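Q: Encoded as structure tokens, here's the structure I'll be asking about.
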Amino acid sequence: MAKKILVTGGTGYIGSHTVVELQQAGYEVVIIDNLSNSNADVLEGITRITGKRPLFDKLDCTDMDGLKALFRKHTFDGIIHFAASKAVGESVQKPLLYYRNNLLSLINLLEMMPEHKVKGIVFSSSCTVYGEPDSNPIDENAPIKPAASPYGNTKQINEEIIQDFIHSGAPVKSIILRYFNPIGAHPSAEIGELPLGVPQNLVPYITQTGIGIRKQLSVFGNDYNTADGSCIRDFINVVDLAKAHVKAIERMLEDQSDEPVEIFNLGTGTGLSVLELIALFEKVSGKPLNHQIVGRREGDIEQIWAQPDKANNVLGWKAEMTVEDTMSSAWKWQLRLREKGVM
Ligand code: UD1
């Protein structure tokens, strides 16, 4: 019988791409999402790609009664927990919202697991836990730096909650995945990143500028200590990233490791600057991108990229897509949104 996986936040950007990979790998998926930052139309895209419609419940993970009912209805083998608020700037304005939503959601899910014999949980963490690294590339043993925002702090605290819960003897396993900068869309252009309102992240801002929804991209700073002065990130293809979740679920459910908690960096291992990424976009779209250098954005890290050896060698996962192909997929998705009249 197919193993059943609960995917929280499964209509979101990384969640939806992961649901596709899970279904294609033969898992049965139940999505819950409160739709605060996504749209249930995403289910149609997932269905068109995989030929199978995932089960969906509109449910908020902070709603314990709702979760209890869900866990009575289904027997889950594992959980992938994406559901969280993720806007760095908003978290500074509304810290309690971020702490309540991000911490309570995880606590509620963990509480359900032993009673319902759910074997493991994959948690979406972020390279933000490393803060400004002392050196690059950065591996999983690098020190955790004081968080620069309530959002970043929720990732650090949630990692600690998982560690403490498991060290207390709780009969569950966990894999914590620290994402670098996920970008791009499914090659079919059926699903992709769909930020509500003005994008905060670089790539949706680039593609929206490219298509004329935004007049100009602001590049936040060209006076950093990097070759071209702009920040450097490890841009990781979202489908590659999604595939790592399938590996993580397999690893936990098949007891491939004796460690009850494991942490993996998910990145390509190569850093690219903001200006280099813009140049790649210009290449794949075949037109210049209107952009202007402005001042630095508060809280930005100068440069960070992953040492992904542990994920490569232990998890058996490696980023495959080039950044150029990934930017092509992001552009194709933006063109598809226009075709469909979405934006
Ligand atoms: C941030 C968070 C990360 C989080 C992610 C999710 C930090 C340090 N990083 O990543 O943890 O998971 O958001 O939303 O908290 N840029 C521009 N112009 C723009 C937008 C961005 O120049 O209009 C630049 C930024 O200055 C940065 C790079 O592009 O150097 C990437 O920015 P962004 O896409 O927002 O991601 P991060 O800040 O790296």
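To be explicit about the labels: the chains of the structure tokens are called A, B, and onward in the order shown, and within each one the residues are counted from 1, while ligands get numbers from 1 in the order they are shown.
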From a DSSP calculation on the backbone, collect every residue of stretch 44-234 of chain A in strand (DSSP E or B) and output the set as number ranges by chain.

A: A: 55-58, 78-81, 120-126, 138, 173-179, 181-183, 217-220, 232-233

Q: Contacts between stretch 172-188 of chain A and stretch 18-107 of chain A, please, where a residue of stretch 18-107 of chain A counts if it comes within 12 Å (with only C-alpha atoms); show its shortest atom pair and distance in Å to one decimal, rows by chain and ascending number, as CSV.

A:
```
residue,atom,partner,partner_atom,distance
A:Thr18,CA,A:His186,CA,10.4
A:Val19,CA,A:His186,CA,11.7
A:Val20,CA,A:His186,CA,9.4
A:Glu21,CA,A:His186,CA,10.5
A:Gly45,CA,A:Ser188,CA,9.3
A:Ile46,CA,A:His186,CA,10.0
A:Arg48,CA,A:Ser188,CA,9.5
A:Ile49,CA,A:Ser188,CA,7.4
A:Thr50,CA,A:Ser188,CA,10.9
A:Asp77,CA,A:Val172,CA,10.8
A:Gly78,CA,A:Lys173,CA,9.4
A:Ile79,CA,A:Ser174,CA,9.4
A:Ile80,CA,A:Ile175,CA,9.4
A:His81,CA,A:Ile176,CA,10.0
A:Phe82,CA,A:Leu177,CA,10.7
```

Q: Separation of atom CA of A:Lys215 and atom CA of A:Leu289, in Å?

A: 9.8 Å

Q: Return as CSV the residues of chain A lying at most 6 Å from ligand 1, together with the closest atom-to-atom pair for each and the distance in Å to one decimal, counting only C-alpha atoms and all ligand atoms, with rows in chain order and ascending residue number.

A:
```
residue,atom,partner,partner_atom_place_in_ligand_line,distance
A:Lys86,CA,ligand 1,14 (O),5.4
A:Ala87,CA,ligand 1,14 (O),5.5
A:Val88,CA,ligand 1,15 (O),5.7
A:Ser126,CA,ligand 1,11 (O),5.3
A:Thr128,CA,ligand 1,11 (O),4.2
A:Gln200,CA,ligand 1,35 (O),5.5
A:Asn201,CA,ligand 1,34 (O),3.3
A:Leu202,CA,ligand 1,20 (C),3.7
A:Tyr205,CA,ligand 1,23 (O),5.7
A:Leu217,CA,ligand 1,23 (O),5.8
A:Ser218,CA,ligand 1,18 (N),5.0
A:Val219,CA,ligand 1,22 (O),3.4
A:Phe220,CA,ligand 1,22 (O),4.0
A:Cys231,CA,ligand 1,30 (O),4.5
A:Val274,CA,ligand 1,29 (O),5.6
A:Arg297,CA,ligand 1,26 (O),5.8
A:Asp300,CA,ligand 1,8 (C),5.3
A:Ile301,CA,ligand 1,8 (C),5.5
```

Q: Please, which residues of stretch 7-164 of chain A, numbered as in this document, come out helix (DSSP H, G or I) from DSSP, as a PyMOL selection string?

A: chain A and resi 13-24+42-50+64-73+88-93+95-115+127-130+150-164

Q: Enumerate, in order of chain and increasing residue number, the residues of stretch 112-171 of chain A with an atom no farther than 12 Å from stretch 54-67 of chain A, each with its shortest atom pair and distance in Å to one decimal, counting only C-alpha atoms, as JSON lines.

A:
```
{"residue": "A:Met112", "atom": "CA", "partner": "A:Leu67", "partner_atom": "CA", "distance": 8.1}
{"residue": "A:Met113", "atom": "CA", "partner": "A:Leu67", "partner_atom": "CA", "distance": 11.0}
{"residue": "A:His116", "atom": "CA", "partner": "A:Leu67", "partner_atom": "CA", "distance": 11.6}
```

Q: Keeping all heavy atoms, export the residues of the selection given above as an mmCIF file, in the first residue's frame.

A:
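Once everything was written out, this is out_26.cif:
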```
data_model
loop_
_atom_site.group_PDB
_atom_site.id
_atom_site.type_symbol
_atom_site.label_atom_id
_atom_site.label_comp_id
_atom_site.auth_asym_id
_atom_site.auth_seq_id
_atom_site.Cartn_x
_atom_site.Cartn_y
_atom_site.Cartn_z
ATOM 1 N N MET A 112 0.968 15.514 17.948
ATOM 2 C CA MET A 112 0.106 14.491 17.344
ATOM 3 C C MET A 112 0.877 13.205 17.001
ATOM 4 O O MET A 112 0.296 12.130 16.893
ATOM 5 C CB MET A 112 -0.520 15.003 16.033
ATOM 6 C CG MET A 112 -1.340 16.261 16.133
ATOM 7 S SD MET A 112 -2.686 16.111 17.301
ATOM 8 C CE MET A 112 -3.663 14.891 16.487
ATOM 9 N N MET A 113 2.178 13.333 16.789
ATOM 10 C CA MET A 113 2.919 12.236 16.154
ATOM 11 C C MET A 113 2.991 10.936 16.975
ATOM 12 O O MET A 113 2.663 9.872 16.435
ATOM 13 C CB MET A 113 4.324 12.704 15.733
ATOM 14 C CG MET A 113 4.260 13.708 14.592
ATOM 15 S SD MET A 113 5.873 14.350 14.123
ATOM 16 C CE MET A 113 6.608 12.903 13.352
ATOM 17 N N HIS A 116 -0.317 8.978 17.220
ATOM 18 C CA HIS A 116 -0.802 8.438 15.946
ATOM 19 C C HIS A 116 0.278 7.660 15.197
ATOM 20 O O HIS A 116 0.124 7.342 14.024
ATOM 21 C CB HIS A 116 -1.371 9.578 15.092
ATOM 22 C CG HIS A 116 -2.612 10.168 15.684
ATOM 23 N ND1 HIS A 116 -3.860 9.636 15.486
ATOM 24 C CD2 HIS A 116 -2.782 11.208 16.532
ATOM 25 C CE1 HIS A 116 -4.755 10.330 16.156
ATOM 26 N NE2 HIS A 116 -4.121 11.298 16.804
#
```

Q: Might you pull out every residue within 9 Å of stretch 161-167 of chain A, with only C-alpha atoms counted and same-chain residues fewer than 6 positions away left off, and present them as a PDB file with N, CA and C atoms, in the first residue's frame?

A:
```pdb
ATOM      1  N   LEU A 103       5.740  28.720  15.590  1.00  0.00           N
ATOM      2  CA  LEU A 103       6.087  27.812  16.695  1.00  0.00           C
ATOM      3  C   LEU A 103       4.926  26.877  17.032  1.00  0.00           C
ATOM      4  N   LEU A 106       4.312  23.901  14.572  1.00  0.00           N
ATOM      5  CA  LEU A 106       5.230  22.767  14.744  1.00  0.00           C
ATOM      6  C   LEU A 106       4.903  22.002  16.026  1.00  0.00           C
ATOM      7  N   ILE A 107       4.683  22.727  17.118  1.00  0.00           N
ATOM      8  CA  ILE A 107       4.399  22.055  18.401  1.00  0.00           C
ATOM      9  C   ILE A 107       3.162  21.165  18.267  1.00  0.00           C
ATOM     10  N   LEU A 110       4.018  18.011  16.271  1.00  0.00           N
ATOM     11  CA  LEU A 110       4.848  17.087  17.053  1.00  0.00           C
ATOM     12  C   LEU A 110       3.994  16.374  18.100  1.00  0.00           C
ATOM     13  N   PHE A 123      11.454  18.945   8.337  1.00  0.00           N
ATOM     14  CA  PHE A 123      11.195  20.350   8.669  1.00  0.00           C
ATOM     15  C   PHE A 123      11.946  21.288   7.721  1.00  0.00           C
ATOM     16  N   LYS A 173      11.279  10.503  14.350  1.00  0.00           N
ATOM     17  CA  LYS A 173      12.536  10.909  13.710  1.00  0.00           C
ATOM     18  C   LYS A 173      12.322  12.229  13.011  1.00  0.00           C
ATOM     19  N   SER A 174      13.407  12.925  12.744  1.00  0.00           N
ATOM     20  CA  SER A 174      13.256  14.167  11.989  1.00  0.00           C
ATOM     21  C   SER A 174      14.454  14.407  11.093  1.00  0.00           C
ATOM     22  N   ILE A 176      15.976  17.793   9.286  1.00  0.00           N
ATOM     23  CA  ILE A 176      15.884  19.255   9.156  1.00  0.00           C
ATOM     24  C   ILE A 176      16.627  19.639   7.884  1.00  0.00           C
ATOM     25  N   PRO A 260      18.354   9.852  15.129  1.00  0.00           N
ATOM     26  CA  PRO A 260      16.954  10.280  15.158  1.00  0.00           C
ATOM     27  C   PRO A 260      16.729  11.673  14.551  1.00  0.00           C
ATOM     28  N   VAL A 261      17.749  12.518  14.594  1.00  0.00           N
ATOM     29  CA  VAL A 261      17.625  13.843  13.950  1.00  0.00           C
ATOM     30  C   VAL A 261      18.833  14.059  13.060  1.00  0.00           C
TER      31      VAL A 261
END
```

Q: What's the 12 Å shell around stretch 337-342 of chain A, counting only C-alpha atoms, without same-chain residues fewer than 5 positions away, as a list of chain:residue names?

A: A:Asn39, A:Asp41, A:Ala185, A:Ala189, A:Glu190, A:Ile191, A:Gly192, A:Glu193, A:Leu194, A:Pro195, A:Leu196, A:Pro204, A:Thr207, A:Gln208, A:Gly210, A:Ile211, A:Gly212, A:Ile213, A:Ala330, A:Trp331, A:Lys332

Q: For A:Asn153, which residue out of A:Val129, A:Val238, A:Ile206, A:Ala319 is the nearest one, using only C-alpha atoms?

A: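 With only C-alpha atoms as the atom set, the closest residue is A:Val129.
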
Q: Using only C-alpha atoms, which of the listed residues (A:Leu35, A:Ala40, A:Ile121, A:Leu70) sits closest to A:Ser85?

A: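 Looking only at the distances to A:Ser85, the closest residue turns out to be A:Leu35.
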
Q: Per residue of stretch 195-313 of chain A within 9 Å of stretch 138-148 of chain A, record the nearest atom pair and its distance in Å to one decimal, counting only C-alpha atoms, with rows in chain order and ascending residue number, as a Markdown table.

A:
```
| residue | atom | partner | partner_atom | distance |
| --- | --- | --- | --- | --- |
| A:Ile263 | CA | A:Glu140 | CA | 6.9 |
| A:Phe264 | CA | A:Glu140 | CA | 6.6 |
| A:Asn265 | CA | A:Glu140 | CA | 6.4 |
| A:Gly269 | CA | A:Ile138 | CA | 8.9 |
| A:Gly299 | CA | A:Ala148 | CA | 6.4 |
| A:Asp300 | CA | A:Ala148 | CA | 8.9 |
| A:Ile304 | CA | A:Ile138 | CA | 7.4 |
| A:Trp305 | CA | A:Ile138 | CA | 6.3 |
| A:Ala306 | CA | A:Ile138 | CA | 5.0 |
| A:Gln307 | CA | A:Asp139 | CA | 4.9 |
| A:Pro308 | CA | A:Asp139 | CA | 7.0 |
| A:Asp309 | CA | A:Asp139 | CA | 8.1 |
| A:Lys310 | CA | A:Asp139 | CA | 8.1 |
```

Q: Distance atom CA of A:Leu22-atom CA of A:Gln256, one decimal place?

A: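 Computing it gives 18.1 Å between the two atoms.
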
Q: My list of candidates is A:Gln303, A:Ser328, A:Ser36, A:Ser125. Which is closest to A:Glu159 when distances are computed with only C-alpha atoms?

A: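 Comparing A:Gln303, A:Ser328, A:Ser36, A:Ser125 against A:Glu159, the winner is A:Ser125.
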
Q: Nearest residue to A:Lys94 out of A:Asp258, A:Tyr151, A:Ser168, A:Thr47, using only C-alpha atoms?

A: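 Nearest to A:Lys94: A:Tyr151.
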
Q: Looking at A:Ala84, A:Cys127, A:Ala311, A:Val92, which one is nearest to A:Asn37, with distances taken over only C-alpha atoms?

A: A:Ala84

Q: Which one is closest to A:Gly131: A:Lys4, A:His245, A:Arg72, A:Lys155? Count only C-alpha atoms.

A: A:Lys155

Q: Neighbours of A:Glu28 within 7 Å (only C-alpha atoms; same-chain residues fewer than 5 positions away dropped), as a PyMOL selection string?

A: chain A and resi 2-5+23

Q: So how far away is atom CA of A:Leu266 from atom CA of A:Arg251, in Å?

A: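 So the two atoms, atom CA of A:Arg251 and atom CA of A:Leu266, lie 15.5 Å apart.
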